[in-house]
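Data block for work-v4.tsv (TSV, C-alpha atoms):
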chain	number	residue	atom	x	y	z
A	49	MET	CA	-9.84	-3.10	-23.22
A	50	SER	CA	-11.59	-6.10	-21.70
A	51	SER	CA	-15.16	-5.82	-20.43
A	52	TYR	CA	-16.45	-7.91	-17.55
A	53	TYR	CA	-20.22	-7.58	-17.71
A	54	TYR	CA	-21.07	-10.75	-15.79
A	55	LEU	CA	-18.32	-10.35	-13.20
A	56	VAL	CA	-19.27	-6.77	-12.35
A	57	ALA	CA	-23.01	-7.49	-12.45
A	58	GLY	CA	-22.45	-10.32	-9.98
A	59	LEU	CA	-20.54	-8.24	-7.43
A	60	PRO	CA	-22.38	-7.78	-4.13
A	61	ASP	CA	-23.10	-4.31	-2.80
A	62	ILE	CA	-20.67	-3.46	-0.03
A	63	ALA	CA	-20.30	-0.56	2.41
A	64	LEU	CA	-17.48	0.47	4.70
A	65	ASP	CA	-19.55	-0.25	7.81
A	66	ASP	CA	-20.51	-3.79	6.75
A	67	GLY	CA	-20.16	-6.27	9.59
A	68	LYS	CA	-19.55	-9.28	7.38
A	69	LEU	CA	-18.66	-10.04	3.79
A	70	SER	CA	-19.77	-12.66	1.29
A	71	CYS	CA	-16.56	-12.11	-0.68
A	72	THR	CA	-13.01	-11.64	0.61
A	73	VAL	CA	-9.66	-10.46	-0.71
A	74	ALA	CA	-8.53	-14.08	-0.83
A	75	GLY	CA	-11.79	-15.05	-2.52
A	76	PHE	CA	-11.28	-12.39	-5.17
A	77	LYS	CA	-7.93	-13.99	-6.01
A	78	SER	CA	-9.41	-17.46	-6.32
A	79	ASP	CA	-12.82	-16.68	-7.85
A	80	ILE	CA	-12.49	-13.52	-9.96
A	81	TYR	CA	-8.81	-13.22	-10.84
A	82	PRO	CA	-8.71	-16.35	-13.06
A	83	HIS	CA	-11.38	-14.82	-15.33
A	84	LEU	CA	-9.37	-11.67	-16.06
A	85	SER	CA	-7.22	-11.14	-19.13
A	86	ALA	CA	-3.48	-11.58	-18.66
A	87	HIS	CA	-3.03	-7.80	-18.94
A	88	ASP	CA	-5.62	-7.11	-16.25
A	89	GLN	CA	-4.22	-9.84	-14.01
A	90	ARG	CA	-0.92	-7.96	-14.03
A	91	LEU	CA	-2.76	-4.84	-12.90
A	92	VAL	CA	-4.41	-6.70	-10.02
A	93	ASP	CA	-1.01	-8.16	-9.14
A	94	LEU	CA	0.03	-4.62	-8.20
A	95	PHE	CA	-2.46	-4.75	-5.34
A	96	TYR	CA	-1.30	-8.14	-4.06
A	97	LEU	CA	2.38	-7.11	-4.19
A	98	LYS	CA	1.87	-5.31	-0.87
A	99	PHE	CA	1.58	-8.73	0.77
A	100	ASP	CA	4.70	-9.93	-1.03
A	101	ASN	CA	6.51	-6.89	0.38
A	102	GLU	CA	5.49	-7.89	3.90
A	103	ASP	CA	6.65	-11.46	3.32
A	104	LEU	CA	9.96	-10.26	1.88
A	105	LEU	CA	10.65	-8.14	4.94
A	106	ARG	CA	9.80	-11.07	7.22
A	107	LEU	CA	12.23	-13.30	5.32
A	108	LEU	CA	14.99	-10.71	5.63
A	109	LYS	CA	14.46	-10.78	9.38
A	110	ASP	CA	14.27	-14.57	9.55
A	111	LYS	CA	14.68	-16.79	6.52
A	112	GLU	CA	12.97	-19.62	8.42
A	113	THR	CA	9.78	-17.66	8.92
A	114	VAL	CA	6.54	-19.01	7.50
A	115	THR	CA	5.12	-16.46	5.08
A	116	GLU	CA	1.40	-15.75	4.89
A	117	GLY	CA	1.19	-16.43	1.16
A	118	LYS	CA	-1.43	-13.75	0.49
A	119	GLY	CA	0.56	-12.17	-2.34
A	120	ASN	CA	1.67	-13.26	-5.79
A	121	PHE	CA	4.70	-15.32	-4.76
A	122	THR	CA	5.46	-18.17	-2.41
A	123	GLY	CA	7.97	-17.87	0.39
A	124	GLU	CA	10.27	-20.15	-1.57
A	125	GLU	CA	10.17	-17.87	-4.60
A	126	LEU	CA	10.95	-14.83	-2.48
A	127	LEU	CA	13.82	-16.64	-0.76
A	128	GLU	CA	15.23	-17.65	-4.13
A	129	LEU	CA	15.13	-14.00	-5.15
A	130	VAL	CA	16.91	-12.94	-1.96
A	131	GLU	CA	19.63	-15.55	-2.45
A	132	ALA	CA	20.05	-14.74	-6.14
A	133	VAL	CA	20.57	-11.03	-5.48
A	134	ARG	CA	22.80	-11.69	-2.48
A	135	ASN	CA	25.01	-14.02	-4.53
A	136	GLY	CA	25.06	-11.80	-7.60
A	137	ASP	CA	23.13	-14.32	-9.70
A	138	ARG	CA	20.50	-13.46	-12.28
A	139	PRO	CA	17.04	-13.27	-10.62
A	140	ASP	CA	14.01	-14.99	-12.09
A	141	PRO	CA	12.67	-12.50	-14.68
A	142	LYS	CA	9.13	-12.89	-13.36
A	143	MET	CA	10.10	-11.17	-10.10
A	144	PRO	CA	9.29	-7.43	-9.94
A	145	SER	CA	12.17	-5.16	-10.89
A	146	TYR	CA	11.66	-2.94	-7.83
A	147	MET	CA	12.30	-5.90	-5.51
A	148	VAL	CA	15.53	-6.68	-7.32
A	149	SER	CA	16.66	-3.04	-7.07
A	150	PHE	CA	15.68	-2.86	-3.41
A	151	LEU	CA	17.58	-6.02	-2.50
A	152	THR	CA	20.61	-4.93	-4.52
A	153	GLU	CA	20.73	-1.67	-2.60
A	154	TYR	CA	20.06	-3.47	0.67
A	155	PHE	CA	23.00	-5.83	0.31
A	156	ALA	CA	25.27	-3.05	-0.93
A	157	ALA	CA	24.54	-0.82	2.07
A	158	GLU	CA	27.57	-0.59	4.33
A	159	GLU	CA	26.01	1.17	7.28
A	160	GLU	CA	23.07	0.47	9.54
A	161	PRO	CA	20.33	1.39	9.82
A	162	TYR	CA	19.18	0.82	6.28
A	163	LEU	CA	15.57	2.03	6.23
A	164	THR	CA	14.29	-1.15	4.69
A	165	GLU	CA	10.54	-0.76	5.10
A	166	ASP	CA	10.53	2.83	3.83
A	167	LYS	CA	12.86	1.99	0.95
A	168	LEU	CA	10.73	-0.95	-0.13
A	169	ALA	CA	7.51	1.06	0.18
A	170	ALA	CA	8.97	3.90	-1.91
A	171	ALA	CA	10.14	1.46	-4.58
A	172	TYR	CA	6.77	-0.28	-4.61
A	173	TYR	CA	4.79	2.93	-5.04
A	174	HIS	CA	7.12	4.13	-7.81
A	175	TYR	CA	6.65	0.81	-9.59
A	176	ALA	CA	2.84	0.81	-9.17
A	177	MET	CA	2.48	4.44	-10.26
A	178	GLY	CA	4.03	3.36	-13.54
A	179	ALA	CA	1.05	1.11	-14.26
A	180	LYS	CA	-0.18	1.33	-17.85
A	181	ASN	CA	-3.65	2.12	-16.62
A	182	PRO	CA	-4.35	5.78	-15.74
A	183	PHE	CA	-6.90	5.01	-13.02
A	184	ILE	CA	-4.78	2.45	-11.20
A	185	ALA	CA	-1.64	4.59	-11.49
A	186	ALA	CA	-3.63	7.54	-10.10
A	187	TRP	CA	-4.91	5.44	-7.20
A	188	PHE	CA	-1.42	4.55	-6.06
A	189	GLU	CA	-0.32	8.19	-6.36
A	190	PHE	CA	-3.36	9.37	-4.39
A	191	SER	CA	-2.84	6.73	-1.71
A	192	LEU	CA	0.85	7.64	-1.39
A	193	HIS	CA	0.06	11.33	-1.01
A	194	VAL	CA	-2.70	10.73	1.55
A	195	ASN	CA	-0.39	8.59	3.66
A	196	ASN	CA	2.47	11.07	3.35
A	197	VAL	CA	0.43	14.17	4.17
A	198	LEU	CA	-0.92	12.52	7.32
A	199	ALA	CA	2.55	11.28	8.28
A	200	ALA	CA	4.00	14.76	7.77
A	201	LEU	CA	1.25	16.44	9.81
A	202	SER	CA	1.71	13.89	12.61
A	203	ALA	CA	5.48	14.32	12.57
A	204	ARG	CA	5.09	18.09	12.81
A	205	LYS	CA	2.58	17.75	15.65
A	206	TYR	CA	4.87	15.48	17.67
A	207	LYS	CA	7.99	17.50	16.74
A	208	MET	CA	9.61	14.64	14.84
A	209	ASP	CA	11.67	14.74	11.68
A	210	ILE	CA	9.24	15.22	8.80
A	211	SER	CA	11.63	14.23	6.04
A	212	SER	CA	12.13	10.75	7.45
A	213	ALA	CA	8.36	10.24	7.80
A	214	VAL	CA	7.68	10.88	4.11
A	215	VAL	CA	8.05	8.01	1.63
A	216	GLY	CA	8.62	8.40	-2.09
A	217	ASP	CA	10.08	10.89	-4.55
A	218	THR	CA	7.17	12.70	-6.20
A	219	PRO	CA	7.03	16.53	-6.25
A	220	VAL	CA	4.43	16.38	-3.45
A	221	CYS	CA	6.79	14.25	-1.37
A	222	GLU	CA	9.60	16.77	-1.81
A	223	GLN	CA	7.27	19.63	-0.93
A	224	LEU	CA	6.31	17.89	2.30
A	225	ARG	CA	9.97	17.36	3.17
A	226	THR	CA	11.16	20.89	2.46
A	227	SER	CA	8.32	23.37	3.03
A	228	ASN	CA	7.87	25.17	6.35
A	229	ALA	CA	4.47	26.56	5.36
A	230	ARG	CA	1.49	25.55	7.47
A	231	ASP	CA	-0.01	23.75	4.48
A	232	PHE	CA	3.38	22.74	3.05
A	233	GLY	CA	2.49	24.91	0.07
A	234	LEU	CA	0.00	22.26	-1.03
A	235	GLY	CA	-3.30	23.84	-0.01
A	236	ASP	CA	-4.22	24.80	-3.57
A	237	ALA	CA	-2.11	22.22	-5.37
A	238	LEU	CA	-3.28	18.94	-3.84
A	239	ASP	CA	-6.94	17.98	-3.96
A	240	GLY	CA	-8.25	16.96	-0.57
A	241	PHE	CA	-5.47	18.63	1.41
A	242	GLU	CA	-7.86	20.63	3.61
A	243	ALA	CA	-9.84	17.48	4.37
A	244	LEU	CA	-6.62	15.74	5.38
A	245	GLN	CA	-5.74	18.63	7.67
A	246	ARG	CA	-9.11	18.27	9.41
A	247	ILE	CA	-8.64	14.51	9.68
A	248	ALA	CA	-5.18	14.97	11.21
A	249	GLU	CA	-6.73	17.08	13.97
A	250	VAL	CA	-8.93	14.20	15.14
A	251	ASP	CA	-7.41	12.89	18.38
A	252	GLU	CA	-9.21	9.54	18.53
A	253	LEU	CA	-7.05	7.40	16.31
A	254	VAL	CA	-9.63	4.82	15.24
A	255	GLU	CA	-12.08	7.58	14.30
A	256	ARG	CA	-9.32	9.30	12.36
A	257	GLU	CA	-8.49	6.16	10.41
A	258	LYS	CA	-12.14	5.62	9.55
A	259	LYS	CA	-12.28	9.15	8.14
A	260	VAL	CA	-9.20	8.41	6.06
A	261	ASP	CA	-10.86	5.34	4.61
A	262	LEU	CA	-14.03	7.31	3.91
A	263	LEU	CA	-11.93	9.86	2.04
A	264	LYS	CA	-10.32	7.11	-0.03
A	265	TRP	CA	-13.71	5.45	-0.59
A	266	LYS	CA	-15.09	8.73	-1.93
A	267	TRP	CA	-12.09	9.17	-4.23
A	268	MET	CA	-12.67	5.72	-5.69
A	269	GLU	CA	-16.35	6.47	-6.18
A	270	ASP	CA	-15.67	9.74	-7.99
A	271	GLU	CA	-12.75	8.60	-10.11
A	272	SER	CA	-14.33	5.32	-11.22
A	273	PHE	CA	-17.75	6.80	-11.95
A	274	PHE	CA	-17.50	6.36	-15.72
A	275	HIS	CA	-15.88	2.93	-15.56
A	276	TYR	CA	-18.76	0.49	-15.70
A	277	PHE	CA	-17.72	-3.07	-16.59
A	278	THR	CA	-13.96	-2.73	-16.71
A	279	ILE	CA	-10.93	-3.70	-14.65
A	280	GLU	CA	-11.14	-0.34	-12.88
A	281	ARG	CA	-14.49	-1.28	-11.35
A	282	LEU	CA	-13.15	-4.64	-10.21
A	283	PHE	CA	-10.01	-3.02	-8.80
A	284	VAL	CA	-12.13	-0.62	-6.75
A	285	PHE	CA	-14.16	-3.55	-5.44
A	286	LEU	CA	-10.93	-5.26	-4.35
A	287	LEU	CA	-9.63	-2.14	-2.60
A	288	ARG	CA	-12.92	-1.76	-0.75
A	289	LEU	CA	-12.95	-5.41	0.25
A	290	GLU	CA	-9.60	-4.93	1.92
A	291	MET	CA	-10.84	-1.87	3.83
A	292	ILE	CA	-13.91	-3.66	5.12
A	293	GLU	CA	-11.97	-6.79	6.07
A	294	ARG	CA	-9.59	-4.68	8.11
A	295	TRP	CA	-12.38	-2.96	10.01
A	296	ILE	CA	-14.19	-6.21	10.67
A	297	SER	CA	-10.98	-7.61	12.19
A	298	LEU	CA	-10.41	-4.59	14.45
A	299	ASP	CA	-12.35	-3.58	17.49
A	300	LYS	CA	-11.87	-0.15	18.99
A	301	GLU	CA	-9.22	-1.28	21.48
A	302	SER	CA	-7.10	-3.18	18.98
A	303	GLY	CA	-7.47	-0.33	16.50
A	304	SER	CA	-6.10	2.13	19.03
A	305	GLU	CA	-3.20	-0.19	19.73
A	306	LEU	CA	-2.47	-0.40	16.00
A	307	PHE	CA	-2.10	3.34	15.75
A	308	ARG	CA	0.06	3.57	18.85
A	309	GLN	CA	2.36	1.15	17.07
A	310	LEU	CA	2.31	3.26	13.92
A	311	ILE	CA	3.30	6.38	15.85
A	312	GLN	CA	6.09	4.44	17.56
A	313	GLN	CA	7.32	3.26	14.18
A	314	LEU	CA	7.59	6.89	13.10
A	315	LYS	CA	9.98	7.40	15.99
A	316	ASP	CA	11.96	4.18	15.84
A	317	GLY	CA	11.85	2.96	12.25
A	318	VAL	CA	12.12	-0.73	11.42
A	319	GLN	CA	15.43	-2.51	11.84
A	320	ILE	CA	16.43	-5.68	10.03
A	321	PRO	CA	19.32	-7.87	11.19
A	322	GLU	CA	22.49	-8.36	9.14
A	323	GLU	CA	21.97	-12.09	8.69
A	324	PHE	CA	21.85	-11.92	4.91
A	325	ARG	CA	24.82	-9.56	4.68
A	326	LYS	CA	27.23	-12.22	5.85
This entry written out as structure tokens:
Amino acid sequence: MSSYYYLVAGLPDIALDDGKLSCTVAGFKSDIYPHLSAHDQRLVDLFYLKFDNEDLLRLLKDKETVTEGKGNFTGEELLELVEAVRNGDRPDPKMPSYMVSFLTEYFAAEEEPYLTEDKLAAAYYHYAMGAKNPFIAAWFEFSLHVNNVLAALSARKYKMDISSAVVGDTPVCEQLRTSNARDFGLGDALDGFEALQRIAEVDELVEREKKVDLLKWKWMEDESFFHYFTIERLFVFLLRLEMIERWISLDKESGSELFRQLIQQLKDGVQIPEEFRK
């Protein structure tokens, strides 16, 4: 296991309510990532794959779109993957297996709608939870369950289909889809469930999201406590950078609009044209 004494010692102190940052998610990729071992770089890649997922979905909507390039791959690399899978060619082996499987299923689907965003998210989480690092695998599992519990509680509150709001195939996911109990039978089985129930009762959406991030922040603090100068500590720093960046970029009004959009997405889903099916 690699130790990063100087990198960790040089990290600035950050808090969720910081109004500005001396380091950014992009800066982490350019300044810290190159100093990691190849094994640890692959672990950090799991974080940046979320941006590749967003770019891939944009390219499926419009292959001429300009991708943001915040992930691990360029738009050209993602388009090459799309074309390779669509044409039945062998994809570049460096591309993540879950993307290949997702695209294979996408092009094989005969009926619309194909729940592309949910399918890709489920595949991504399954892939990341297989990380050969217990802390990072646990983070992705925790994050998935937090998101799913809140989605299930919101779906129940607004009398929407719970099963379609839940992403993934873990036992907790199946419990959320099938249980009619008030706590989905998870009250004693899932750490933090009661806290999530209280959070779900908060009506002001921006306040609710801040409480979610505080819950995740606390989880990182507790679970990484005995990781001092390792990749786990750097990974936590990266996750927290992303949280703070997001809050700096949102004011209360835009934050409320964001959550109105999220609720609407629960109702409507995300549709992708058939352009690449032809």
Write out as a list in words which residues come within 12 Å of A:Asp270 when counting only C-alpha atoms, dropping same-chain ones fewer than 5 positions away.
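Counting only the stated atoms, we get Phe183, Trp187, Leu263, Lys264, Trp265, His275, Arg281 and Val284 of chain A.
Taking atom CA of A:Ala171 and atom CA of A:Ala213 as endpoints, the distance between them is 15.3 Å.
Neighbours of A:Pro82 closer than or equal to 12 Å, with only C-alpha atoms counted and sequence neighbours fewer than 6 positions away skipped, come out as A:Leu55, A:Gly75, A:Phe76, A:Asp88, A:Gln89, A:Arg90, A:Val92, A:Asp93.
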Distance in Å - atom CA of A:Thr115 versus atom CA of A:Trp295
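Going from atom CA of A:Thr115 over to atom CA of A:Trp295 covers 22.6 Å.
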At most 8 Å from (13.0, 8.1, -1.1), file frame, all atoms listed in the file: which residues, as a VMD selection string?
chain A and resid 166 to 167 170 214 to 217
Which residue, A:Lys109, A:Ile184, A:Val220, A:Pro139, has the smallest gap to A:Ala237 when you use all atoms listed in the file?
A:Val220
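Of the residues under consideration (A:Glu271, A:Asp110, A:Glu252, A:Asp137), A:Glu271 shows the shortest atom-to-atom contact distance to A:Ala186 when counting all atoms listed in the file.
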Hey, could you patch up stretch 63-74 of chain A with all heavy atoms and hand it over as an mmCIF file, keeping the file's coordinate frame?
data_model
loop_
_atom_site.group_PDB
_atom_site.id
_atom_site.type_symbol
_atom_site.label_atom_id
_atom_site.label_comp_id
_atom_site.auth_asym_id
_atom_site.auth_seq_id
_atom_site.Cartn_x
_atom_site.Cartn_y
_atom_site.Cartn_z
ATOM 1 N N ALA A 63 -20.453 -1.867 1.782
ATOM 2 C CA ALA A 63 -20.300 -0.560 2.410
ATOM 3 C C ALA A 63 -19.218 -0.657 3.473
ATOM 4 O O ALA A 63 -18.951 -1.740 4.015
ATOM 5 C CB ALA A 63 -21.611 -0.087 3.021
ATOM 6 N N LEU A 64 -18.606 0.482 3.779
ATOM 7 C CA LEU A 64 -17.480 0.470 4.700
ATOM 8 C C LEU A 64 -17.867 -0.014 6.091
ATOM 9 O O LEU A 64 -17.040 -0.572 6.812
ATOM 10 C CB LEU A 64 -16.877 1.883 4.785
ATOM 11 C CG LEU A 64 -15.550 2.022 5.523
ATOM 12 C CD1 LEU A 64 -14.481 1.115 4.907
ATOM 13 C CD2 LEU A 64 -15.082 3.468 5.506
ATOM 14 N N ASP A 65 -19.123 0.166 6.480
ATOM 15 C CA ASP A 65 -19.550 -0.250 7.810
ATOM 16 C C ASP A 65 -20.174 -1.639 7.827
ATOM 17 O O ASP A 65 -20.820 -2.031 8.809
ATOM 18 C CB ASP A 65 -20.521 0.772 8.407
ATOM 19 C CG ASP A 65 -21.759 0.974 7.543
ATOM 20 O OD1 ASP A 65 -21.829 0.375 6.444
ATOM 21 O OD2 ASP A 65 -22.652 1.728 7.968
ATOM 22 N N ASP A 66 -19.987 -2.415 6.767
ATOM 23 C CA ASP A 66 -20.510 -3.790 6.750
ATOM 24 C C ASP A 66 -19.866 -4.607 7.871
ATOM 25 O O ASP A 66 -18.671 -4.494 8.141
ATOM 26 C CB ASP A 66 -20.218 -4.465 5.409
ATOM 27 C CG ASP A 66 -21.171 -4.003 4.313
ATOM 28 O OD1 ASP A 66 -22.146 -3.308 4.649
ATOM 29 O OD2 ASP A 66 -20.923 -4.339 3.140
ATOM 30 N N GLY A 67 -20.670 -5.440 8.511
ATOM 31 C CA GLY A 67 -20.160 -6.270 9.590
ATOM 32 C C GLY A 67 -19.692 -7.631 9.141
ATOM 33 O O GLY A 67 -19.029 -8.350 9.883
ATOM 34 N N LYS A 68 -20.025 -8.015 7.919
ATOM 35 C CA LYS A 68 -19.550 -9.280 7.380
ATOM 36 C C LYS A 68 -19.550 -9.187 5.863
ATOM 37 O O LYS A 68 -20.186 -8.307 5.275
ATOM 38 C CB LYS A 68 -20.427 -10.442 7.839
ATOM 39 C CG LYS A 68 -21.881 -10.357 7.418
ATOM 40 C CD LYS A 68 -22.659 -11.561 7.931
ATOM 41 C CE LYS A 68 -24.131 -11.481 7.495
ATOM 42 N NZ LYS A 68 -24.891 -12.662 7.945
ATOM 43 N N LEU A 69 -18.811 -10.072 5.226
ATOM 44 C CA LEU A 69 -18.660 -10.040 3.790
ATOM 45 C C LEU A 69 -18.952 -11.410 3.183
ATOM 46 O O LEU A 69 -18.596 -12.440 3.771
ATOM 47 C CB LEU A 69 -17.223 -9.641 3.418
ATOM 48 C CG LEU A 69 -16.819 -8.184 3.627
ATOM 49 C CD1 LEU A 69 -15.316 -8.027 3.472
ATOM 50 C CD2 LEU A 69 -17.553 -7.276 2.647
ATOM 51 N N SER A 70 -19.569 -11.404 2.018
ATOM 52 C CA SER A 70 -19.770 -12.660 1.290
ATOM 53 C C SER A 70 -18.607 -12.955 0.363
ATOM 54 O O SER A 70 -18.499 -14.056 -0.178
ATOM 55 C CB SER A 70 -21.079 -12.594 0.478
ATOM 56 O OG SER A 70 -21.040 -11.521 -0.444
ATOM 57 N N CYS A 71 -17.752 -11.953 0.153
ATOM 58 C CA CYS A 71 -16.560 -12.110 -0.680
ATOM 59 C C CYS A 71 -15.376 -11.549 0.106
ATOM 60 O O CYS A 71 -15.538 -10.635 0.916
ATOM 61 C CB CYS A 71 -16.728 -11.378 -2.004
ATOM 62 S SG CYS A 71 -15.339 -11.566 -3.153
ATOM 63 N N THR A 72 -14.200 -12.083 -0.095
ATOM 64 C CA THR A 72 -13.010 -11.640 0.610
ATOM 65 C C THR A 72 -11.898 -11.339 -0.374
ATOM 66 O O THR A 72 -11.991 -11.651 -1.558
ATOM 67 C CB THR A 72 -12.520 -12.722 1.589
ATOM 68 O OG1 THR A 72 -12.103 -13.881 0.818
ATOM 69 C CG2 THR A 72 -13.614 -13.122 2.578
ATOM 70 N N VAL A 73 -10.821 -10.734 0.135
ATOM 71 C CA VAL A 73 -9.660 -10.460 -0.710
ATOM 72 C C VAL A 73 -9.080 -11.770 -1.245
ATOM 73 O O VAL A 73 -8.720 -11.875 -2.419
ATOM 74 C CB VAL A 73 -8.603 -9.680 0.085
ATOM 75 C CG1 VAL A 73 -7.273 -9.612 -0.681
ATOM 76 C CG2 VAL A 73 -9.108 -8.269 0.390
ATOM 77 N N ALA A 74 -9.017 -12.772 -0.392
ATOM 78 C CA ALA A 74 -8.530 -14.080 -0.830
ATOM 79 C C ALA A 74 -9.498 -14.702 -1.840
ATOM 80 O O ALA A 74 -9.079 -15.338 -2.814
ATOM 81 C CB ALA A 74 -8.347 -15.013 0.364
#
